[in-house]
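Trainee: Supplied structure: upload25.cif, mmCIF, C-alpha atoms.
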```cif
data_my_file
loop_
_atom_site.label_atom_id
_atom_site.label_comp_id
_atom_site.auth_asym_id
_atom_site.auth_seq_id
_atom_site.Cartn_x
_atom_site.Cartn_y
_atom_site.Cartn_z
CA MET A 125 -0.66 -2.27 8.92
CA GLU A 126 0.23 -0.60 5.75
CA CYS A 127 -1.27 1.50 3.02
CA PHE A 128 -1.05 -1.08 0.23
CA SER A 129 -3.92 -2.89 -1.40
CA SER A 130 -5.21 -5.36 1.13
CA PRO A 131 -4.66 -8.93 -0.05
CA GLY A 132 -7.08 -10.30 2.47
CA TRP A 133 -4.57 -11.48 5.05
CA PHE A 134 -6.20 -9.55 7.88
CA SER A 135 -9.09 -11.99 8.06
CA ILE A 136 -7.62 -13.71 11.11
CA SER A 137 -10.23 -15.26 13.34
CA THR A 138 -9.65 -13.59 16.69
CA PRO A 139 -12.10 -12.60 19.41
CA SER A 140 -12.64 -8.89 19.83
CA PHE A 141 -12.87 -8.98 23.62
CA VAL A 142 -9.56 -8.56 25.41
CA GLY A 143 -8.43 -7.12 28.68
CA LEU A 144 -6.24 -4.08 29.16
CA LYS A 145 -3.01 -4.91 30.87
CA SER A 146 -1.55 -2.66 33.52
CA LYS A 147 0.59 0.24 32.37
CA ASN A 148 4.35 -0.17 32.21
CA LYS A 149 7.06 2.41 32.42
CA LEU A 150 10.16 1.90 30.33
CA SER A 151 13.51 3.47 31.08
CA LEU A 152 16.25 3.91 28.50
CA ASN A 153 19.85 3.57 29.63
CA ARG A 154 21.82 5.51 27.01
CA LYS A 155 25.28 4.83 28.40
CA GLY A 156 24.78 1.09 28.54
CA ARG A 157 22.68 1.07 25.36
CA SER A 158 20.21 -1.25 27.07
CA PHE A 159 16.49 -1.07 27.55
CA ASN A 160 15.19 -2.00 30.97
CA LYS A 161 11.67 -2.76 32.10
CA ASP A 162 10.04 -1.75 35.28
CA GLY A 163 7.28 -4.17 36.09
CA SER A 164 5.66 -6.22 33.37
CA ARG A 165 7.59 -8.98 31.69
CA CYS A 166 6.16 -8.15 28.26
CA MET A 167 8.28 -5.04 27.93
CA SER A 168 11.48 -7.08 27.99
CA MET A 169 13.14 -7.06 24.58
CA SER A 170 15.09 -10.21 25.41
CA GLN A 171 12.00 -12.40 25.63
CA THR A 172 10.15 -14.00 22.75
CA ALA A 173 6.75 -15.56 22.55
CA ASP A 174 8.10 -18.65 20.83
CA GLU A 175 11.81 -19.28 21.33
CA SER A 176 11.65 -22.41 19.21
CA SER A 177 10.48 -20.43 16.18
CA GLY A 178 13.88 -18.75 15.85
CA ILE A 179 12.42 -15.35 14.95
CA SER A 180 10.91 -12.56 16.93
CA TYR A 181 10.23 -9.08 15.68
CA LYS A 182 11.11 -7.80 19.13
CA LYS A 183 14.71 -8.39 18.10
CA LEU A 184 14.29 -5.82 15.33
CA ILE A 185 12.75 -3.32 17.73
CA HIS A 186 15.65 -3.84 20.10
CA PHE A 187 18.12 -3.33 17.25
CA ALA A 188 16.39 -0.17 16.06
CA LEU A 189 16.29 1.42 19.50
CA GLU A 190 19.90 0.63 20.26
CA GLU A 191 21.03 1.83 16.84
CA THR A 192 19.01 5.04 17.13
CA ASN A 193 20.53 5.65 20.53
CA THR A 194 24.00 5.76 18.96
CA HIS A 195 22.88 8.55 16.59
CA THR A 196 20.74 10.74 18.81
CA LEU A 197 19.35 11.15 22.30
CA LEU A 198 16.16 9.15 22.70
CA SER A 199 13.69 9.92 25.44
CA PRO A 200 10.38 8.20 26.22
CA SER A 201 7.38 9.73 24.48
CA PRO A 202 4.50 11.00 26.63
CA LEU A 203 2.43 8.40 24.77
CA GLN A 204 4.28 5.60 26.56
CA GLU A 205 2.42 6.31 29.77
CA LYS A 206 -0.93 5.37 28.20
CA TYR A 207 0.09 3.05 25.38
CA SER A 208 2.37 0.30 26.59
CA SER A 209 0.76 -3.12 26.35
CA PHE A 210 -2.50 -4.98 26.06
CA LEU A 211 -3.02 -8.60 26.97
CA ALA A 212 -5.45 -10.60 24.87
CA MET A 213 -7.84 -12.92 26.65
CA ASP A 214 -7.95 -15.54 23.93
CA ASP A 215 -5.64 -18.53 23.68
CA LYS A 216 -3.97 -17.48 20.45
CA THR A 217 -2.82 -13.90 20.93
CA MET A 218 -0.36 -13.50 23.77
CA GLU A 219 0.12 -9.74 23.92
CA LEU A 220 0.19 -6.43 22.10
CA GLN A 221 3.27 -4.40 23.01
CA MET A 222 3.89 -0.74 22.32
CA LEU A 223 6.99 1.40 22.74
CA SER A 224 7.32 5.08 21.87
CA PHE A 225 10.16 7.61 21.95
CA GLU A 226 11.12 11.03 20.67
CA ALA A 227 14.39 12.74 19.80
CA PRO A 228 15.66 16.14 18.60
CA LYS A 229 14.78 15.37 14.96
CA ILE A 230 12.16 12.66 15.57
CA ARG A 231 8.61 13.65 16.48
CA LEU A 232 7.65 10.06 17.21
CA LEU A 233 9.43 6.73 16.99
CA ARG A 234 6.98 4.00 17.88
CA SER A 235 6.36 0.29 17.56
CA LEU A 236 3.50 -2.14 17.88
CA CYS A 237 4.35 -5.81 18.19
CA ILE A 238 1.75 -8.58 18.34
CA GLU A 239 2.69 -12.19 19.03
CA GLY A 240 0.55 -15.31 19.08
CA SER A 241 1.19 -18.75 20.44
CA ASP A 242 0.40 -20.18 17.00
CA GLY A 243 3.41 -18.45 15.41
CA MET A 244 1.53 -15.36 14.24
CA GLN A 245 3.50 -12.11 14.54
CA VAL A 246 2.79 -8.53 13.52
CA LEU A 247 5.26 -5.66 13.54
CA ASP A 248 4.31 -2.04 12.90
CA PHE A 249 7.38 0.16 13.35
CA ALA A 250 7.63 3.77 12.23
CA ALA A 251 9.70 6.92 12.71
CA PHE A 252 8.07 10.28 12.02
CA PRO A 253 10.30 13.38 11.68
CA LYS A 254 9.54 16.69 13.30
CA PRO A 255 8.01 19.24 10.88
CA GLU A 256 11.28 21.18 10.86
CA PHE A 257 12.78 18.30 8.87
CA ASP A 258 11.57 16.96 5.52
CA LEU A 259 12.89 13.46 6.16
CA PRO A 260 11.07 10.43 4.74
CA ILE A 261 8.99 8.41 7.17
CA PHE A 262 10.53 5.09 8.10
CA CYS A 263 7.91 2.38 7.75
CA ALA A 264 8.09 -1.36 8.52
CA ASN A 265 4.92 -3.44 8.48
CA PHE A 266 5.42 -7.19 8.78
CA PHE A 267 2.80 -9.93 9.11
CA THR A 268 3.99 -13.49 9.70
CA THR A 269 2.39 -16.86 10.31
CA ALA A 270 3.98 -20.28 10.56
CA LYS A 271 3.75 -20.62 6.77
CA MET A 272 3.67 -17.19 5.15
CA ASN A 273 4.78 -13.58 5.39
CA ILE A 274 3.47 -10.31 3.99
CA ILE A 275 5.96 -7.48 4.16
CA VAL A 276 6.18 -3.75 3.52
CA LEU A 277 9.43 -1.93 4.24
CA ASP A 278 10.14 1.56 3.00
CA LEU A 279 11.31 5.07 3.58
CA ASN A 280 7.95 6.63 2.73
CA PRO A 281 8.48 9.99 0.97
CA LEU A 282 7.15 12.96 2.88
CA HIS A 283 6.59 14.86 -0.37
CA ASP A 284 5.34 13.66 -3.75
CA ILE A 285 8.32 12.21 -5.60
CA MET A 286 6.30 12.06 -8.81
CA ASP A 287 6.12 15.86 -8.93
CA GLN A 288 9.12 16.89 -6.84
CA GLU A 289 12.18 15.48 -8.55
CA ASP A 290 14.50 17.45 -6.27
CA TYR A 291 13.08 15.70 -3.20
CA LYS A 292 13.53 12.30 -4.84
CA GLU A 293 17.10 13.22 -5.81
CA LYS A 294 17.86 14.46 -2.31
CA TYR A 295 16.82 11.36 -0.42
CA TYR A 296 16.67 8.39 -2.78
CA LYS A 297 19.38 8.76 -5.42
CA ASP A 298 22.07 7.13 -3.28
CA LEU A 299 19.70 4.47 -1.95
CA ILE A 300 18.69 2.98 -5.31
CA PRO A 301 21.43 0.27 -5.14
CA LEU A 302 20.12 -0.76 -1.72
CA GLY A 303 16.62 -1.04 -3.11
CA LEU A 304 17.82 -3.07 -6.10
CA LYS A 305 19.66 -5.49 -3.84
CA TYR A 306 16.59 -6.37 -1.82
CA SER A 307 14.10 -6.18 -4.68
CA GLU A 308 15.95 -9.16 -6.15
CA LEU A 309 16.04 -11.06 -2.86
CA LEU A 310 12.46 -10.13 -1.94
CA PRO A 311 10.44 -9.93 -5.18
CA TRP A 312 7.40 -7.71 -5.73
CA GLY A 313 4.38 -9.04 -3.86
CA GLY A 314 1.66 -8.48 -6.44
CA LYS A 315 -1.16 -6.01 -6.95
CA LEU A 316 -0.66 -2.58 -5.38
CA THR A 317 -3.31 0.12 -5.83
CA SER A 318 -2.36 3.33 -7.59
CA GLU A 319 -3.70 5.35 -4.64
CA SER A 320 -1.37 3.54 -2.24
CA LEU A 321 1.58 3.87 -4.60
CA ARG A 322 1.84 7.62 -4.04
CA PHE A 323 2.97 6.96 -0.47
CA PHE A 324 5.83 4.65 -1.45
CA SER A 325 9.36 5.29 -2.68
CA PRO A 326 11.34 3.63 -5.51
CA ILE A 327 13.12 1.46 -2.92
CA VAL A 328 9.98 0.05 -1.30
CA ILE A 329 9.97 -3.64 -0.45
CA TRP A 330 6.47 -5.04 -0.93
CA THR A 331 6.71 -8.80 -0.89
CA ARG A 332 5.21 -12.10 0.15
CA PHE A 333 7.19 -15.23 0.91
CA SER A 334 6.96 -18.55 2.71
CA SER A 335 8.37 -18.80 6.20
CA SER A 336 11.90 -20.19 6.36
CA PRO A 337 15.11 -19.37 8.26
CA HIS A 338 16.74 -18.10 5.07
CA ASN A 339 13.89 -15.78 4.11
CA HIS A 340 13.62 -14.39 7.61
CA SER A 341 17.38 -13.81 7.65
CA VAL A 342 17.09 -11.77 4.46
CA LEU A 343 14.18 -9.82 5.91
CA PHE A 344 16.04 -9.02 9.11
CA SER A 345 19.05 -7.84 7.09
CA ALA A 346 16.81 -5.65 4.96
CA PHE A 347 15.23 -4.04 8.01
CA LYS A 348 18.62 -3.29 9.52
CA ASP A 349 20.07 -1.90 6.29
CA TYR A 350 17.03 0.26 5.60
CA TYR A 351 16.89 1.60 9.13
CA GLN A 352 20.60 2.41 9.16
CA ALA A 353 20.09 4.21 5.85
CA TRP A 354 17.27 6.25 7.39
CA LEU A 355 19.42 7.13 10.38
CA GLY A 356 22.13 8.30 8.00
CA LEU A 357 19.64 10.60 6.31
CA MET A 358 18.58 11.88 9.71
CA ASP A 359 22.18 12.64 10.69
CA ARG A 360 22.70 14.71 7.55
CA SER A 361 19.35 16.50 7.63
CA GLU A 362 19.33 20.21 8.40
CA GLU A 363 16.64 22.00 10.31
CA GLU A 364 14.32 24.12 8.22
CA THR A 365 13.90 27.71 9.39
CA ASP A 366 11.49 28.99 6.75
CA ALA A 367 8.02 29.05 8.28
CA SER A 368 6.26 28.31 5.00
CA GLN A 369 8.37 25.21 4.35
CA ILE A 370 7.82 23.98 7.91
CA ALA A 371 4.09 24.39 7.36
CA CYS A 372 4.41 22.49 4.08
CA ASN A 373 6.23 19.63 5.83
CA CYS A 374 3.59 19.60 8.54
CA GLU A 375 0.73 19.37 6.07
CA ALA A 376 2.49 16.65 4.08
CA GLN A 377 2.88 14.52 7.20
CA HIS A 378 -0.71 15.24 8.23
CA ARG A 379 -1.93 14.11 4.80
CA TYR A 380 0.05 10.88 5.16
CA LEU A 381 -1.34 10.25 8.65
CA THR A 382 -4.87 11.04 7.49
CA TRP A 383 -4.63 8.43 4.73
CA ARG A 384 -3.14 5.80 6.99
CA SER A 385 -5.61 6.35 9.82
CA GLU A 386 -8.55 5.99 7.43
CA LYS A 387 -7.47 3.43 4.81
CA ASP A 388 -4.82 1.25 6.39
CA PRO A 389 -6.05 -2.36 5.96
CA GLY A 390 -4.44 -3.41 9.23
CA HIS A 391 -7.17 -1.79 11.28
CA GLY A 392 -9.19 -5.00 11.17
CA VAL A 393 -6.60 -6.83 13.26
CA LEU A 394 -6.83 -4.33 16.09
CA LYS A 395 -10.62 -4.26 16.02
CA ARG A 396 -10.73 -8.02 16.41
CA LEU A 397 -8.13 -8.04 19.16
CA ILE A 398 -9.13 -5.08 21.32
CA GLY A 399 -12.55 -4.00 20.10
CA GLU A 400 -13.60 -1.20 17.78
CA ASP A 401 -13.53 1.70 20.25
CA LEU A 402 -10.11 0.97 21.69
CA ALA A 403 -8.74 0.17 18.24
CA LYS A 404 -9.85 3.58 16.97
CA ASP A 405 -8.12 5.21 19.93
CA VAL A 406 -4.86 3.33 19.29
CA ILE A 407 -4.97 4.11 15.56
CA THR A 408 -5.60 7.85 15.82
CA LYS A 409 -3.73 8.67 19.02
CA TYR A 410 -0.82 6.23 18.91
CA LEU A 411 -0.07 4.53 15.59
CA PHE A 412 -0.84 7.64 13.55
CA ASN A 413 -0.44 10.19 16.27
CA GLY A 414 -0.58 13.68 14.82
CA VAL A 415 -3.69 13.20 12.71
CA ASN A 416 -5.58 15.28 15.27
CA GLU A 417 -2.72 17.66 16.07
CA LEU A 418 -0.75 18.51 12.93
CA GLY A 419 -3.64 19.86 10.87
CA ASN A 420 -7.36 20.48 10.61
CA LYS A 421 -8.06 19.07 7.16
CA THR A 422 -10.22 15.98 6.89
CA PHE A 423 -9.71 12.86 4.80
CA LEU A 424 -12.14 14.19 2.19
CA ASP A 425 -10.29 17.51 2.06
CA TYR A 426 -7.19 15.64 0.95
CA PHE A 427 -8.89 12.90 -1.04
CA PRO A 428 -12.24 14.28 -2.35
CA GLU A 429 -12.56 11.44 -4.85
CA TYR A 430 -13.65 9.22 -1.94
CA ARG A 431 -16.72 11.31 -1.11
CA CYS A 432 -20.03 9.47 -1.36
CA GLU A 433 -23.29 11.17 -2.28
CA ASP A 434 -24.26 11.25 1.41
CA GLY A 435 -21.00 13.00 2.27
CA LYS A 436 -19.40 9.98 3.92
CA VAL A 437 -16.06 8.40 3.02
CA ASN A 438 -16.26 5.61 0.47
CA GLU A 439 -14.99 2.41 2.05
CA LYS A 440 -13.38 1.21 -1.18
CA ARG A 441 -9.61 0.89 -1.13
CA SER A 442 -9.28 2.24 -4.65
CA MET A 443 -11.44 4.67 -6.56
CA ILE A 444 -9.34 4.52 -9.71
CA GLY A 445 -9.61 0.76 -9.76
CA LYS A 446 -6.08 0.15 -10.98
CA SER A 447 -3.30 -1.84 -9.37
CA PHE A 448 0.28 -2.64 -10.28
CA GLU A 449 1.06 -6.30 -10.74
CA ASN A 450 4.79 -5.65 -11.20
CA ARG A 451 7.30 -3.24 -9.75
CA PRO A 452 6.59 0.18 -11.32
CA TRP A 453 10.15 1.56 -11.05
CA ASN A 454 13.13 0.64 -13.18
CA ALA A 455 16.71 -0.01 -12.07
CA ARG A 456 17.40 3.75 -12.03
CA GLY A 457 14.49 4.43 -9.73
CA GLU A 458 12.45 6.01 -12.52
CA PHE A 459 8.71 5.51 -12.45
CA ILE A 460 7.55 3.37 -15.36
CA GLY A 461 4.02 2.81 -14.12
CA ASP A 462 2.53 3.74 -17.46
CA ARG A 463 4.52 0.95 -19.07
CA VAL A 464 3.97 -1.90 -16.62
CA LYS A 465 0.90 -4.10 -16.42
CA ILE A 466 -2.02 -2.39 -14.74
CA VAL A 467 -4.88 -4.60 -13.62
#
```
Could I get this structure in the form of structure tokens?
Mentor:
Amino acid sequence: MECFSSPGWFSISTPSFVGLKSKNKLSLNRKGRSFNKDGSRCMSMSQTADESSGISYKKLIHFALEETNTHTLLSPSPLQEKYSSFLAMDDKTMELQMLSFEAPKIRLLRSLCIEGSDGMQVLDFAAFPKPEFDLPIFCANFFTTAKMNIIVLDLNPLHDIMDQEDYKEKYYKDLIPLGLKYSELLPWGGKLTSESLRFFSPIVIWTRFSSSPHNHSVLFSAFKDYYQAWLGLMDRSEEETDASQIACNCEAQHRYLTWRSEKDPGHGVLKRLIGEDLAKDVITKYLFNGVNELGNKTFLDYFPEYRCEDGKVNEKRSMIGKSFENRPWNARGEFIGDRVKIV
């Protein structure tokens, strides 16, 4: 559920009528570094929908929570009470699982994991910093079937790295080698709209590959390395005390959330699985929580180029009509978009 140009992979045929599963409460045992459930089986990180498949994105969620718990004190988010799990009523989608936490420097750490009996899996995992910190936003959006995978993994910049070189230097200079490593193992996935590009960093992994144990092993390693890198940035980050900079951070995150809540191509999956009304609730109040709290500006305030004559938001993904066929950063992390093929 990412802000790249939709390649059409969200056209899964799934009924839109599902039932809401009972709420689950999750407790976090910091000392034992384990995550225990209280009630429903679907909150257990040790279970997988398809053990024979050899992969489960729940393993990555488990890793991330345990790893985070060694760096900071996690506590359940108030969102967990309402958003925990949904059980689909069709024969293909087993369950939609949600976990959410907060920490001293993390406004919201949350995950959405969808698993199907046919081998389909979706992972949407993100970590949003508190406005007192200008940390990048950790973003992992994985879509997998028995045959193919579409992947976005990044430390999304909070501020515009095209205009703010100091921000890029601060957070990405030392991570360029990490990005180069995985850009070779997981090649660029094709067309990416110029509007979406502004929310990605020079180390973004945007890729497509066929399902295989080797490819999934590389992907799992990339997730772990990127998340550990983000945690390292979090450890070193210092709290901002200047009110104007805090406000700037807050607006930057609100702008990001506003874009994602309006233009993320993954919304179609949720609408088909849980219906349009509930999907909208999950998108605005859970996945992109803060869009109604961190600011008052609308999508068209931030992105006026999408305004139609009737005042509504244009449903097009791109107004510029350009997309990048190849990776638009060089080996030094410098943007070379004007010199790569634009379609």
Trainee: For atom CA of Asn450 of chain A and atom CA of Leu357 of chain A, quote the distance in Å rounded to one decimal.
Mentor: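 According to the coordinates, atom CA of Asn450 of chain A and atom CA of Leu357 of chain A are separated by 28.1 Å.
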Trainee: May I ask which of the residues A:Val342, A:Ile275, A:Leu247, A:Leu211 is the closest one to Lys305 of chain A, counting only C-alpha atoms?
Mentor: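 Comparing A:Val342, A:Ile275, A:Leu247, A:Leu211 against Lys305 of chain A, the winner is A:Val342.
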Trainee: Near segment 318-329 of chain A, within 9 Å and counting all atoms listed in the file, which residues show up once chain neighbours fewer than 2 positions away are dropped, as a ChimeraX atom specification?
Mentor: /A:127-129,275-286,292,296,299-304,306-307,310-313,316,331,346,380,441-448,452-454,456-459
Trainee: Point out the residue among A:Tyr430, A:Glu363, A:Ile179, A:Gly461 with the least atom-to-atom distance to His338 of chain A, counting only C-alpha atoms.
Mentor: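 Nearest to His338 of chain A: A:Ile179.
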Trainee: What does the PyMOL selection byres ((chain A and resi 378) around 7) select in this file, as a tab-separated table (two decimals) with C-alpha atoms, in the frame of the given file?
Mentor:
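Final output, saved to part_24.tsv:
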```tsv
chain	number	residue	atom	x	y	z
A	374	CYS	CA	3.59	19.60	8.54
A	375	GLU	CA	0.73	19.37	6.07
A	376	ALA	CA	2.49	16.65	4.08
A	377	GLN	CA	2.88	14.52	7.20
A	379	ARG	CA	-1.93	14.11	4.80
A	380	TYR	CA	0.05	10.88	5.16
A	381	LEU	CA	-1.34	10.25	8.65
A	382	THR	CA	-4.87	11.04	7.49
A	414	GLY	CA	-0.58	13.68	14.82
A	415	VAL	CA	-3.69	13.20	12.71
A	418	LEU	CA	-0.75	18.51	12.93
A	419	GLY	CA	-3.64	19.86	10.87
```
Trainee: Taking all atoms listed in the file into account, which of A:Ile407, A:Ala250, A:Ala188, A:Leu355 comes nearest Phe266 of chain A?
Mentor: A:Ala250
Trainee: Translate the PyMOL selection byres ((chain A and resi 348) around 12), as applied to the file shown, into an explicit residue set as a CSV table (one decimal) with C-alpha atoms, in the coordinates of the input.
Mentor:
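Output file result33.csv follows:
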```csv
chain,number,residue,atom,x,y,z
A,181,TYR,CA,10.2,-9.1,15.7
A,183,LYS,CA,14.7,-8.4,18.1
A,184,LEU,CA,14.3,-5.8,15.3
A,185,ILE,CA,12.8,-3.3,17.7
A,186,HIS,CA,15.6,-3.8,20.1
A,187,PHE,CA,18.1,-3.3,17.2
A,188,ALA,CA,16.4,-0.2,16.1
A,189,LEU,CA,16.3,1.4,19.5
A,190,GLU,CA,19.9,0.6,20.3
A,191,GLU,CA,21.0,1.8,16.8
A,192,THR,CA,19.0,5.0,17.1
A,262,PHE,CA,10.5,5.1,8.1
A,264,ALA,CA,8.1,-1.4,8.5
A,277,LEU,CA,9.4,-1.9,4.2
A,278,ASP,CA,10.1,1.6,3.0
A,302,LEU,CA,20.1,-0.8,-1.7
A,306,TYR,CA,16.6,-6.4,-1.8
A,341,SER,CA,17.4,-13.8,7.6
A,342,VAL,CA,17.1,-11.8,4.5
A,343,LEU,CA,14.2,-9.8,5.9
A,344,PHE,CA,16.0,-9.0,9.1
A,345,SER,CA,19.0,-7.8,7.1
A,346,ALA,CA,16.8,-5.6,5.0
A,347,PHE,CA,15.2,-4.0,8.0
A,349,ASP,CA,20.1,-1.9,6.3
A,350,TYR,CA,17.0,0.3,5.6
A,351,TYR,CA,16.9,1.6,9.1
A,352,GLN,CA,20.6,2.4,9.2
A,353,ALA,CA,20.1,4.2,5.8
A,354,TRP,CA,17.3,6.2,7.4
A,355,LEU,CA,19.4,7.1,10.4
```
Trainee: Mind giving me the straight-line distance from atom CA of Asp359 of chain A to atom CA of Trp383 of chain A in Å, one decimal?
Mentor: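 Computing it gives 27.8 Å between the two atoms.
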Trainee: Using the chain letters and numbers from the file, give me the residues hit by the PyMOL selection byres ((chain A and resi 267) around 10), as a ChimeraX atom specification.
Mentor: /A:125,133-134,181,238,244-248,265-266,268-269,272-276,332,390
Trainee: Could you check how far atom CA of Val437 of chain A sits from atom CA of Glu386 of chain A, in Å to one decimal?
Mentor: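 If I compute the distance from atom CA of Val437 of chain A to atom CA of Glu386 of chain A, I get 9.0 Å.
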